[in-house]
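Shown next: start.tsv, given as TSV, C-alpha atoms and all ligand atoms.
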```tsv
chain	number	residue	atom	x	y	z
F	46	MET	CA	106.67	70.42	-129.05
F	47	TYR	CA	105.51	72.42	-126.04
F	48	ILE	CA	102.59	70.83	-124.17
F	49	VAL	CA	100.95	72.65	-121.26
F	50	PHE	CA	98.75	71.07	-118.59
F	51	GLU	CA	96.24	73.31	-116.88
F	52	GLY	CA	93.45	72.73	-114.38
F	53	ILE	CA	92.46	73.58	-110.82
F	54	ASP	CA	94.24	72.05	-107.81
F	55	GLY	CA	93.70	68.31	-107.58
F	56	ALA	CA	92.80	68.01	-111.28
F	57	GLY	CA	95.65	65.52	-111.64
F	58	LYS	CA	98.28	67.61	-113.44
F	59	SER	CA	101.27	66.24	-111.50
F	60	THR	CA	99.98	62.66	-111.65
F	61	GLN	CA	99.13	62.76	-115.35
F	62	ILE	CA	102.31	64.55	-116.44
F	63	ARG	CA	104.33	61.80	-114.75
F	64	MET	CA	102.32	59.11	-116.55
F	65	LEU	CA	102.44	60.84	-119.94
F	66	LYS	CA	106.20	61.38	-119.64
F	67	GLU	CA	106.78	57.67	-118.95
F	68	TRP	CA	104.62	56.65	-121.88
F	69	LEU	CA	106.22	59.11	-124.30
F	70	GLU	CA	109.69	57.97	-123.24
F	71	ALA	CA	108.62	54.35	-123.80
F	72	ASN	CA	107.65	55.48	-127.31
F	73	GLY	CA	111.14	56.84	-127.90
F	74	PHE	CA	110.59	60.56	-127.27
F	75	ARG	CA	112.86	62.75	-125.17
F	76	VAL	CA	110.80	64.58	-122.59
F	77	GLU	CA	111.51	67.37	-120.13
F	78	THR	CA	108.99	68.47	-117.52
F	79	LEU	CA	108.67	71.89	-115.94
F	80	VAL	CA	106.47	73.27	-113.22
F	81	GLU	CA	105.27	76.77	-112.38
F	82	PRO	CA	106.08	78.44	-110.11
F	83	THR	CA	109.66	77.33	-110.90
F	84	ASP	CA	112.49	76.85	-108.42
F	85	SER	CA	114.06	80.15	-109.51
F	86	GLU	CA	114.56	82.98	-107.01
F	87	VAL	CA	111.33	84.53	-108.27
F	88	GLY	CA	109.51	81.23	-107.87
F	89	LYS	CA	110.71	81.02	-104.27
F	90	LEU	CA	109.44	84.53	-103.62
F	91	ILE	CA	106.04	83.59	-105.08
F	92	ARG	CA	105.73	80.58	-102.75
F	93	LYS	CA	106.61	82.78	-99.78
F	94	LEU	CA	104.15	85.52	-100.72
F	95	LEU	CA	101.32	83.04	-101.30
F	96	GLN	CA	101.37	82.65	-97.49
F	97	HIS	CA	101.04	86.41	-96.95
F	98	PRO	CA	97.92	87.49	-95.00
F	99	ASP	CA	96.93	89.87	-97.83
F	100	ALA	CA	97.60	87.33	-100.59
F	101	LYS	CA	93.97	87.44	-101.76
F	102	SER	CA	93.70	91.24	-101.99
F	103	ASP	CA	93.24	92.97	-105.36
F	104	ASN	CA	96.65	94.58	-105.08
F	105	PHE	CA	98.31	91.22	-104.47
F	106	GLN	CA	96.60	89.82	-107.56
F	107	LYS	CA	98.47	92.44	-109.58
F	108	ILE	CA	101.70	91.66	-107.72
F	109	PHE	CA	101.30	87.94	-108.39
F	110	GLY	CA	100.62	88.75	-112.03
F	111	LEU	CA	103.99	90.49	-112.19
F	112	LEU	CA	105.89	87.83	-110.28
F	113	PHE	CA	104.48	84.87	-112.20
F	114	ALA	CA	105.25	86.64	-115.49
F	115	ALA	CA	108.83	87.28	-114.29
F	116	ASP	CA	109.21	83.69	-113.07
F	117	ARG	CA	108.20	82.33	-116.45
F	118	MET	CA	110.68	84.65	-118.15
F	119	MET	CA	113.37	82.94	-116.06
F	120	ILE	CA	112.79	79.63	-117.88
F	121	MET	CA	112.01	80.93	-121.38
F	122	ASP	CA	115.21	79.50	-122.87
F	123	LYS	CA	114.22	75.98	-121.87
F	124	LEU	CA	111.05	76.24	-123.92
F	125	GLU	CA	113.05	76.80	-127.10
F	126	ASP	CA	114.73	73.36	-126.96
F	127	GLU	CA	113.28	71.63	-130.00
F	128	SER	CA	115.12	68.35	-129.41
F	129	LYS	CA	112.64	67.41	-126.69
F	130	ILE	CA	108.97	67.42	-125.87
F	131	ILE	CA	108.56	69.99	-123.10
F	132	ILE	CA	105.63	69.37	-120.77
F	133	SER	CA	104.78	72.17	-118.40
F	134	ASP	CA	102.66	71.96	-115.27
F	135	ARG	CA	100.90	75.35	-115.59
F	136	SER	CA	101.77	78.37	-117.77
F	137	PHE	CA	100.64	81.96	-118.40
F	138	ILE	CA	97.18	80.46	-118.95
F	139	SER	CA	97.07	79.91	-115.16
F	140	SER	CA	97.69	83.63	-114.70
F	141	LEU	CA	94.79	84.38	-117.05
F	142	ALA	CA	92.52	81.96	-115.18
F	143	TYR	CA	93.51	82.91	-111.61
F	144	GLN	CA	94.75	86.49	-111.56
F	145	SER	CA	93.19	89.80	-112.48
F	146	PRO	CA	92.54	92.22	-114.03
F	147	MET	CA	92.65	90.51	-117.41
F	148	ASP	CA	94.13	93.45	-119.36
F	149	TRP	CA	97.01	93.64	-116.86
F	150	ILE	CA	97.73	89.92	-117.10
F	151	ASP	CA	97.54	90.08	-120.90
F	152	VAL	CA	100.14	92.86	-121.11
F	153	LEU	CA	102.52	91.18	-118.68
F	154	ASN	CA	102.44	87.94	-120.64
F	155	LYS	CA	102.80	89.43	-124.09
F	156	TYR	CA	106.07	87.53	-124.61
F	157	ALA	CA	105.06	84.30	-122.85
F	158	LYS	CA	105.32	81.26	-125.12
F	159	ARG	CA	102.02	79.86	-126.35
F	160	PRO	CA	101.65	76.10	-126.09
F	161	ASP	CA	101.51	73.92	-129.20
F	162	LEU	CA	98.96	71.88	-127.29
F	163	LEU	CA	96.98	72.68	-124.15
F	164	ILE	CA	95.64	69.78	-122.09
F	165	LEU	CA	92.89	71.15	-119.87
F	166	LEU	CA	92.03	68.79	-117.02
F	167	ASP	CA	88.46	69.80	-116.24
F	168	LEU	CA	87.49	68.82	-112.70
F	169	ASP	CA	84.38	69.51	-110.60
F	170	VAL	CA	85.12	71.95	-107.80
F	171	LYS	CA	83.77	69.67	-105.07
F	172	THR	CA	86.08	66.89	-106.23
F	173	SER	CA	88.98	69.33	-106.20
F	174	VAL	CA	88.24	70.24	-102.60
F	175	ALA	CA	87.93	66.56	-101.62
F	176	ARG	CA	91.18	65.58	-103.37
F	177	THR	CA	93.17	68.41	-101.83
F	178	SER	CA	91.68	68.40	-98.31
F	179	GLY	CA	94.36	68.49	-95.66
F	180	LYS	CA	96.82	69.98	-98.12
F	181	ASP	CA	98.08	73.50	-98.50
F	182	THR	CA	95.20	74.90	-100.55
F	183	PHE	CA	94.74	78.59	-101.05
F	184	GLU	CA	91.39	78.84	-102.78
F	185	ASP	CA	87.79	78.52	-101.65
F	186	GLU	CA	85.06	76.77	-103.62
F	187	GLU	CA	83.50	79.89	-105.10
F	188	PHE	CA	86.83	81.17	-106.38
F	189	LEU	CA	87.68	77.76	-107.85
F	190	ALA	CA	84.31	77.66	-109.63
F	191	GLY	CA	85.24	80.97	-111.31
F	192	VAL	CA	88.66	79.63	-112.29
F	193	LYS	CA	87.10	76.49	-113.78
F	194	GLU	CA	84.78	78.66	-115.90
F	195	ASN	CA	87.67	80.92	-116.93
F	196	TYR	CA	89.63	77.88	-118.12
F	197	LEU	CA	86.76	76.62	-120.26
F	198	LYS	CA	86.44	80.05	-121.91
F	199	LEU	CA	90.21	80.39	-122.40
F	200	ALA	CA	90.38	76.96	-124.05
F	201	ASP	CA	88.82	78.44	-127.20
F	202	ASN	CA	91.94	80.56	-127.78
F	203	PHE	CA	94.33	77.60	-127.98
F	204	THR	CA	94.84	74.28	-129.64
F	205	CYS	CA	93.25	72.51	-126.72
F	206	GLU	CA	92.06	69.10	-125.65
F	207	ILE	CA	89.62	69.20	-122.74
F	208	ILE	CA	89.82	66.05	-120.62
F	209	ASP	CA	87.20	64.99	-118.07
F	210	ALA	CA	89.40	64.81	-114.95
F	211	ASN	CA	86.62	63.42	-112.72
F	212	ASN	CA	87.30	59.90	-113.99
F	213	GLY	CA	89.75	57.45	-112.44
F	214	ILE	CA	93.49	57.97	-112.91
F	215	ASN	CA	93.91	55.28	-115.59
F	216	LYS	CA	90.92	56.43	-117.64
F	217	VAL	CA	92.16	60.03	-117.54
F	218	SER	CA	95.62	58.84	-118.55
F	219	SER	CA	94.35	56.90	-121.55
F	220	ASP	CA	92.14	59.84	-122.61
F	221	ILE	CA	95.22	62.07	-122.52
F	222	LYS	CA	97.29	59.60	-124.55
F	223	LYS	CA	94.53	59.38	-127.17
F	224	ALA	CA	94.38	63.18	-127.30
F	225	VAL	CA	98.15	63.63	-127.62
F	226	ALA	CA	98.90	60.75	-130.01
F	227	PRO	CA	97.73	62.43	-133.26
F	228	TYR	CA	99.94	65.46	-132.61
F	229	LEU	CA	103.01	63.21	-132.37
F	230	GLY	CA	102.21	60.66	-135.07
F	231	ILE	CA	101.83	57.82	-132.55
F	232	CYS	CA	99.69	54.96	-133.81
F	233	PRO	CA	96.35	54.60	-131.99
F	234	ASP	CA	96.98	50.84	-131.47
F	235	CYS	CA	99.90	51.66	-129.18
F	236	ILE	CA	97.53	53.14	-126.61
F	237	GLN	CA	96.18	50.85	-123.89
L	1	LIG	P1	97.34	68.62	-109.35
L	1	LIG	O1	98.80	68.48	-109.65
L	1	LIG	O2	96.50	68.99	-110.53
L	1	LIG	O3	97.04	69.47	-108.16
L	1	LIG	P2	97.65	65.90	-108.43
L	1	LIG	O4	98.13	65.07	-109.55
L	1	LIG	O5	98.65	66.33	-107.40
L	1	LIG	O6	96.82	67.15	-108.96
L	1	LIG	O7	96.49	65.09	-107.70
L	1	LIG	C1	95.91	65.56	-106.48
L	1	LIG	C2	95.50	64.35	-105.62
L	1	LIG	O8	94.42	63.68	-106.27
L	1	LIG	C3	96.60	63.33	-105.44
L	1	LIG	O9	96.48	62.80	-104.15
L	1	LIG	C4	96.31	62.30	-106.51
L	1	LIG	O10	96.79	61.04	-106.15
L	1	LIG	C5	94.81	62.33	-106.58
L	1	LIG	N1	94.30	62.11	-107.94
L	1	LIG	C6	94.82	62.53	-109.11
L	1	LIG	N2	94.08	62.14	-110.16
L	1	LIG	C7	93.04	61.44	-109.64
L	1	LIG	C8	91.91	60.76	-110.21
L	1	LIG	N3	91.71	60.75	-111.54
L	1	LIG	N4	91.06	60.17	-109.37
L	1	LIG	C9	91.26	60.19	-108.04
L	1	LIG	N5	92.29	60.79	-107.42
L	1	LIG	C10	93.18	61.42	-108.22
L	2	MG	MG	100.48	69.41	-108.91
```
Represent the structure from my file as structure tokens, please.
Ligand code: ADP
Ligand code: MG
Amino acid sequence: MYIVFEGIDGAGKSTQIRMLKEWLEANGFRVETLVEPTDSEVGKLIRKLLQHPDAKSDNFQKIFGLLFAADRMMIMDKLEDESKIIISDRSFISSLAYQSPMDWIDVLNKYAKRPDLLILLDLDVKTSVARTSGKDTFEDEEFLAGVKENYLKLADNFTCEIIDANNGINKVSSDIKKAVAPYLGICPDCIQ
């Protein structure tokens, strides 16, 4: 099973993936986690270019579209491992939500693997800014508001569970477990 976590910065993807992995492993599942951009050569180039002075220009949006699509091609094999649950921190759905134009991003990701389950951590933009203040953030509030809306629209195209990420860490975690359990045949009583 291939589970993808999406959501704006500070939504809790890293935190919640860690917690879900621990819980799934305690329930006897083998789990591998991935994160985009990856640590491949392309991923390294993406991280470097995100610091570029023109990183927000229209042309760079197209360049990032290309690079992110290439980076995800680098790890495609890993997604085919059916002996494990693969949980990915971001996916081509991030490209659709963040980059433009849409038709360009669509074409570039024609062969990207679709998740069996999308967990969308839906967070208010102001909370995102508060949670990530002092960190290396690249986006302003207005842009993030657009991304949040894009995500909610994109959710309709996938098997998706939308989780209210404004709640406390433990509440979000238990909401995620409840959402994931039916897909894996885990009994509801096992969820605290
Ligand atoms: P993401 O990976 O989506 O950017 P993180 O998991 O790194 O988000 O969380 C960003 C910051 O917000 C971290 O400092 C984390 O401890 C904190 N955080 C995560 N989830 C919550 C939550 N539900 N309530 C309050 N703070 C949170
Ligand atoms: Mg993270």
For this session: Report the distance between CA of Arg92 in chain F and atom O6 of ligand LIG 1 (chain L) in Å, rounded to one decimal place.
Result: 17.3 Å
Exercise. Taking into account all atoms listed in the file, which residue in the set F:Ser128, F:Gln96, F:Leu166, F:Lys58 is nearest to Glu77 in chain F?
Worked result: F:Ser128
Per-residue nearest contacts chain F to ligand MG 2 (chain L), cut-off 12 Å, using all atoms listed in the file, as a Markdown table:
```
| residue | atom | partner | partner_atom | distance |
| --- | --- | --- | --- | --- |
| F:Phe50 | CA | L:MG2 | MG | 10.0 |
| F:Glu51 | CA | L:MG2 | MG | 9.8 |
| F:Gly52 | CA | L:MG2 | MG | 9.5 |
| F:Ile53 | CA | L:MG2 | MG | 9.2 |
| F:Asp54 | CA | L:MG2 | MG | 6.9 |
| F:Gly55 | CA | L:MG2 | MG | 7.0 |
| F:Ala56 | CA | L:MG2 | MG | 8.2 |
| F:Gly57 | CA | L:MG2 | MG | 6.8 |
| F:Lys58 | CA | L:MG2 | MG | 5.3 |
| F:Ser59 | CA | L:MG2 | MG | 4.2 |
| F:Thr60 | CA | L:MG2 | MG | 7.3 |
| F:Gln61 | CA | L:MG2 | MG | 9.4 |
| F:Ile62 | CA | L:MG2 | MG | 9.1 |
| F:Arg63 | CA | L:MG2 | MG | 10.3 |
| F:Leu79 | CA | L:MG2 | MG | 11.1 |
| F:Val80 | CA | L:MG2 | MG | 8.3 |
| F:Glu81 | CA | L:MG2 | MG | 9.4 |
| F:Pro82 | CA | L:MG2 | MG | 10.7 |
| F:Ser133 | CA | L:MG2 | MG | 10.8 |
| F:Asp134 | CA | L:MG2 | MG | 7.2 |
| F:Arg135 | CA | L:MG2 | MG | 8.9 |
| F:Leu166 | CA | L:MG2 | MG | 11.7 |
| F:Ser173 | CA | L:MG2 | MG | 11.8 |
| F:Arg176 | CA | L:MG2 | MG | 11.5 |
| F:Thr177 | CA | L:MG2 | MG | 10.2 |
| F:Lys180 | CA | L:MG2 | MG | 11.4 |
| F:Asp181 | CA | L:MG2 | MG | 11.4 |
| F:Thr182 | CA | L:MG2 | MG | 11.3 |
```
For this session: Could you tell me which of F:Ile208, F:Ile131, F:Ile221, F:Ala142 comes closest to Pro160 in chain F if we count all atoms listed in the file?
Result: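 With all atoms listed in the file as the atom set, the closest residue is F:Ile131.
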Exercise. Given the choices F:Asp201, F:Asp167, F:Glu70, F:Asp151, which gets closest to ligand LIG 1 (chain L) if the distance is worked out from only C-alpha atoms and all ligand atoms?
Worked result: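 Among F:Asp201, F:Asp167, F:Glu70, F:Asp151, it is F:Asp167 that comes nearest to ligand LIG 1 (chain L).
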For this session: Give the answer as one residue: which of F:Lys93, F:Lys222, F:Ile207, F:Met119 has the shortest atom-to-atom distance to Glu67 in chain F, using all atoms listed in the file?
Result: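 Among F:Lys93, F:Lys222, F:Ile207, F:Met119, it is F:Lys222 that comes nearest to Glu67 in chain F.
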For this session: Find the residues near Val76 in chain F: any atom within 8 Å, counting all atoms listed in the file, skip ones fewer than 3 places away on the same chain, and give them as a PyMOL selection string.
Result: chain F and resi 66+69-70+129-132
Seminar exercise, completed: CA of Asn104 in chain F to CA of Val87 in chain F measures 18.1 Å
Taking all listed atoms of ligand LIG 1 (chain L), build the axis-aligned box, pad each of the six sides by 6 Å, then write its centre and edge lengths in Å to one decimal as JSON.
```
{"center_x": 94.9, "center_y": 64.8, "center_z": -107.8, "size_x": 19.7, "size_y": 21.3, "size_z": 19.4}
```
For this session: Using all atoms listed in the file, pick whichever of F:Ile164, F:Leu141, F:Val170, F:Ala224 has the shortest atom-to-atom distance to Glu187 in chain F.
Result: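 Looking at the shortest contact to Glu187 in chain F, the residue is F:Val170.
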Problem set entry | Length of the CA of Ala210 in chain F to atom N3 of ligand LIG 1 (chain L) vector [Å] | 5.8 Å
Exercise. Which is closest to Glu186 in chain F among F:Asn212, F:Ser136, F:Gln106, F:Thr172, if we use only C-alpha atoms?
Worked result: F:Thr172
Problem set entry | Exercise: residues within 9 Å of coordinate (96.4, 77.3, -133.5), counting all atoms listed in the file, as a ChimeraX atom specification | /F:161-162,202-205
Take the structure in the block and write a file for range 113-127 of chain F, all heavy atoms, as a PDB file, in the first residue's frame.
```
ATOM      1  N   PHE F 113      11.300  18.319  -9.926  1.00  0.00           N
ATOM      2  CA  PHE F 113      10.562  17.473  -8.981  1.00  0.00           C
ATOM      3  C   PHE F 113      10.068  16.198  -9.666  1.00  0.00           C
ATOM      4  O   PHE F 113      10.087  15.117  -9.066  1.00  0.00           O
ATOM      5  CB  PHE F 113       9.392  18.237  -8.351  1.00  0.00           C
ATOM      6  CG  PHE F 113       9.772  19.052  -7.135  1.00  0.00           C
ATOM      7  CD1 PHE F 113       9.977  20.417  -7.225  1.00  0.00           C
ATOM      8  CD2 PHE F 113       9.921  18.442  -5.900  1.00  0.00           C
ATOM      9  CE1 PHE F 113      10.320  21.171  -6.109  1.00  0.00           C
ATOM     10  CE2 PHE F 113      10.264  19.191  -4.768  1.00  0.00           C
ATOM     11  CZ  PHE F 113      10.474  20.561  -4.878  1.00  0.00           C
ATOM     12  N   ALA F 114       9.634  16.331 -10.925  1.00  0.00           N
ATOM     13  CA  ALA F 114       9.174  15.130 -11.649  1.00  0.00           C
ATOM     14  C   ALA F 114      10.349  14.169 -11.845  1.00  0.00           C
ATOM     15  O   ALA F 114      10.203  12.948 -11.684  1.00  0.00           O
ATOM     16  CB  ALA F 114       8.559  15.529 -12.984  1.00  0.00           C
ATOM     17  N   ALA F 115      11.528  14.712 -12.173  1.00  0.00           N
ATOM     18  CA  ALA F 115      12.715  13.868 -12.358  1.00  0.00           C
ATOM     19  C   ALA F 115      13.124  13.222 -11.037  1.00  0.00           C
ATOM     20  O   ALA F 115      13.434  12.027 -10.977  1.00  0.00           O
ATOM     21  CB  ALA F 115      13.865  14.705 -12.914  1.00  0.00           C
ATOM     22  N   ASP F 116      13.083  14.005  -9.968  1.00  0.00           N
ATOM     23  CA  ASP F 116      13.472  13.486  -8.646  1.00  0.00           C
ATOM     24  C   ASP F 116      12.577  12.316  -8.254  1.00  0.00           C
ATOM     25  O   ASP F 116      13.035  11.306  -7.728  1.00  0.00           O
ATOM     26  CB  ASP F 116      13.385  14.617  -7.620  1.00  0.00           C
ATOM     27  CG  ASP F 116      13.893  14.205  -6.250  1.00  0.00           C
ATOM     28  OD1 ASP F 116      14.879  13.434  -6.187  1.00  0.00           O
ATOM     29  OD2 ASP F 116      13.317  14.650  -5.242  1.00  0.00           O
ATOM     30  N   ARG F 117      11.293  12.436  -8.547  1.00  0.00           N
ATOM     31  CA  ARG F 117      10.393  11.344  -8.147  1.00  0.00           C
ATOM     32  C   ARG F 117      10.576  10.121  -9.032  1.00  0.00           C
ATOM     33  O   ARG F 117      10.387   8.996  -8.580  1.00  0.00           O
ATOM     34  CB  ARG F 117       8.996  11.912  -8.001  1.00  0.00           C
ATOM     35  CG  ARG F 117       8.005  11.998  -8.941  1.00  0.00           C
ATOM     36  CD  ARG F 117       6.708  12.697  -8.411  1.00  0.00           C
ATOM     37  NE  ARG F 117       6.844  13.842  -7.532  1.00  0.00           N
ATOM     38  CZ  ARG F 117       6.632  15.111  -7.913  1.00  0.00           C
ATOM     39  NH1 ARG F 117       6.280  15.419  -9.127  1.00  0.00           N
ATOM     40  NH2 ARG F 117       6.758  16.065  -7.040  1.00  0.00           N
ATOM     41  N   MET F 118      11.027  10.331 -10.263  1.00  0.00           N
ATOM     42  CA  MET F 118      11.380   9.189 -11.118  1.00  0.00           C
ATOM     43  C   MET F 118      12.545   8.392 -10.521  1.00  0.00           C
ATOM     44  O   MET F 118      12.634   7.181 -10.705  1.00  0.00           O
ATOM     45  CB  MET F 118      11.814   9.677 -12.505  1.00  0.00           C
ATOM     46  CG  MET F 118      10.670  10.131 -13.371  1.00  0.00           C
ATOM     47  SD  MET F 118       9.921   8.728 -14.190  1.00  0.00           S
ATOM     48  CE  MET F 118       8.398   9.421 -14.723  1.00  0.00           C
ATOM     49  N   MET F 119      13.430   9.106  -9.815  1.00  0.00           N
ATOM     50  CA  MET F 119      14.615   8.461  -9.238  1.00  0.00           C
ATOM     51  C   MET F 119      14.232   7.409  -8.192  1.00  0.00           C
ATOM     52  O   MET F 119      15.015   6.506  -7.919  1.00  0.00           O
ATOM     53  CB  MET F 119      15.545   9.493  -8.568  1.00  0.00           C
ATOM     54  CG  MET F 119      16.021  10.616  -9.442  1.00  0.00           C
ATOM     55  SD  MET F 119      17.326  10.170 -10.592  1.00  0.00           S
ATOM     56  CE  MET F 119      18.769  10.117  -9.566  1.00  0.00           C
ATOM     57  N   ILE F 120      13.064   7.545  -7.572  1.00  0.00           N
ATOM     58  CA  ILE F 120      12.700   6.607  -6.496  1.00  0.00           C
ATOM     59  C   ILE F 120      11.499   5.739  -6.879  1.00  0.00           C
ATOM     60  O   ILE F 120      10.897   5.085  -6.023  1.00  0.00           O
ATOM     61  CB  ILE F 120      12.403   7.348  -5.166  1.00  0.00           C
ATOM     62  CG1 ILE F 120      11.298   8.408  -5.346  1.00  0.00           C
ATOM     63  CG2 ILE F 120      13.650   7.984  -4.600  1.00  0.00           C
ATOM     64  CD1 ILE F 120      10.606   8.762  -4.053  1.00  0.00           C
ATOM     65  N   MET F 121      11.162   5.727  -8.170  1.00  0.00           N
ATOM     66  CA  MET F 121       9.958   4.991  -8.595  1.00  0.00           C
ATOM     67  C   MET F 121       9.982   3.512  -8.219  1.00  0.00           C
ATOM     68  O   MET F 121       8.961   2.954  -7.836  1.00  0.00           O
ATOM     69  CB  MET F 121       9.719   5.160 -10.086  1.00  0.00           C
ATOM     70  CG  MET F 121       8.603   6.146 -10.300  1.00  0.00           C
ATOM     71  SD  MET F 121       8.180   6.501 -11.971  1.00  0.00           S
ATOM     72  CE  MET F 121       7.690   4.982 -12.658  1.00  0.00           C
ATOM     73  N   ASP F 122      11.164   2.895  -8.330  1.00  0.00           N
ATOM     74  CA  ASP F 122      11.286   1.463  -8.014  1.00  0.00           C
ATOM     75  C   ASP F 122      10.825   1.157  -6.594  1.00  0.00           C
ATOM     76  O   ASP F 122      10.176   0.152  -6.341  1.00  0.00           O
ATOM     77  CB  ASP F 122      12.745   1.005  -8.144  1.00  0.00           C
ATOM     78  CG  ASP F 122      13.140   0.918  -9.602  1.00  0.00           C
ATOM     79  OD1 ASP F 122      12.245   1.128 -10.449  1.00  0.00           O
ATOM     80  OD2 ASP F 122      14.318   0.658  -9.884  1.00  0.00           O
ATOM     81  N   LYS F 123      11.200   2.045  -5.684  1.00  0.00           N
ATOM     82  CA  LYS F 123      10.869   1.820  -4.262  1.00  0.00           C
ATOM     83  C   LYS F 123       9.370   1.730  -4.043  1.00  0.00           C
ATOM     84  O   LYS F 123       8.910   1.051  -3.135  1.00  0.00           O
ATOM     85  CB  LYS F 123      11.423   2.962  -3.403  1.00  0.00           C
ATOM     86  CG  LYS F 123      12.908   2.973  -3.299  1.00  0.00           C
ATOM     87  CD  LYS F 123      13.350   3.909  -2.185  1.00  0.00           C
ATOM     88  CE  LYS F 123      14.867   3.873  -2.088  1.00  0.00           C
ATOM     89  NZ  LYS F 123      15.384   4.788  -1.104  1.00  0.00           N
ATOM     90  N   LEU F 124       8.615   2.433  -4.870  1.00  0.00           N
ATOM     91  CA  LEU F 124       7.163   2.473  -4.688  1.00  0.00           C
ATOM     92  C   LEU F 124       6.492   1.177  -5.114  1.00  0.00           C
ATOM     93  O   LEU F 124       5.320   0.956  -4.831  1.00  0.00           O
ATOM     94  CB  LEU F 124       6.553   3.645  -5.472  1.00  0.00           C
ATOM     95  CG  LEU F 124       7.164   5.024  -5.212  1.00  0.00           C
ATOM     96  CD1 LEU F 124       6.376   6.093  -5.950  1.00  0.00           C
ATOM     97  CD2 LEU F 124       7.187   5.326  -3.723  1.00  0.00           C
ATOM     98  N   GLU F 125       7.245   0.339  -5.825  1.00  0.00           N
ATOM     99  CA  GLU F 125       6.665  -0.918  -6.316  1.00  0.00           C
ATOM    100  C   GLU F 125       6.813  -2.062  -5.317  1.00  0.00           C
ATOM    101  O   GLU F 125       6.336  -3.159  -5.565  1.00  0.00           O
ATOM    102  CB  GLU F 125       7.322  -1.311  -7.659  1.00  0.00           C
ATOM    103  CG  GLU F 125       7.135  -0.281  -8.773  1.00  0.00           C
ATOM    104  CD  GLU F 125       5.678   0.097  -9.003  1.00  0.00           C
ATOM    105  OE1 GLU F 125       4.797  -0.768  -8.855  1.00  0.00           O
ATOM    106  OE2 GLU F 125       5.426   1.281  -9.315  1.00  0.00           O
ATOM    107  N   ASP F 126       7.494  -1.823  -4.198  1.00  0.00           N
ATOM    108  CA  ASP F 126       7.722  -2.872  -3.200  1.00  0.00           C
ATOM    109  C   ASP F 126       6.424  -3.160  -2.447  1.00  0.00           C
ATOM    110  O   ASP F 126       5.998  -2.382  -1.591  1.00  0.00           O
ATOM    111  CB  ASP F 126       8.820  -2.409  -2.227  1.00  0.00           C
ATOM    112  CG  ASP F 126       9.203  -3.502  -1.239  1.00  0.00           C
ATOM    113  OD1 ASP F 126       8.464  -4.515  -1.153  1.00  0.00           O
ATOM    114  OD2 ASP F 126      10.228  -3.346  -0.564  1.00  0.00           O
ATOM    115  N   GLU F 127       5.812  -4.297  -2.784  1.00  0.00           N
ATOM    116  CA  GLU F 127       4.499  -4.593  -2.198  1.00  0.00           C
ATOM    117  C   GLU F 127       4.588  -5.327  -0.862  1.00  0.00           C
ATOM    118  O   GLU F 127       3.567  -5.652  -0.263  1.00  0.00           O
ATOM    119  CB  GLU F 127       3.644  -5.367  -3.209  1.00  0.00           C
ATOM    120  CG  GLU F 127       3.189  -4.421  -4.308  1.00  0.00           C
ATOM    121  CD  GLU F 127       2.366  -5.086  -5.389  1.00  0.00           C
ATOM    122  OE1 GLU F 127       2.107  -6.298  -5.305  1.00  0.00           O
ATOM    123  OE2 GLU F 127       1.992  -4.365  -6.336  1.00  0.00           O
TER     124      GLU F 127
END
```
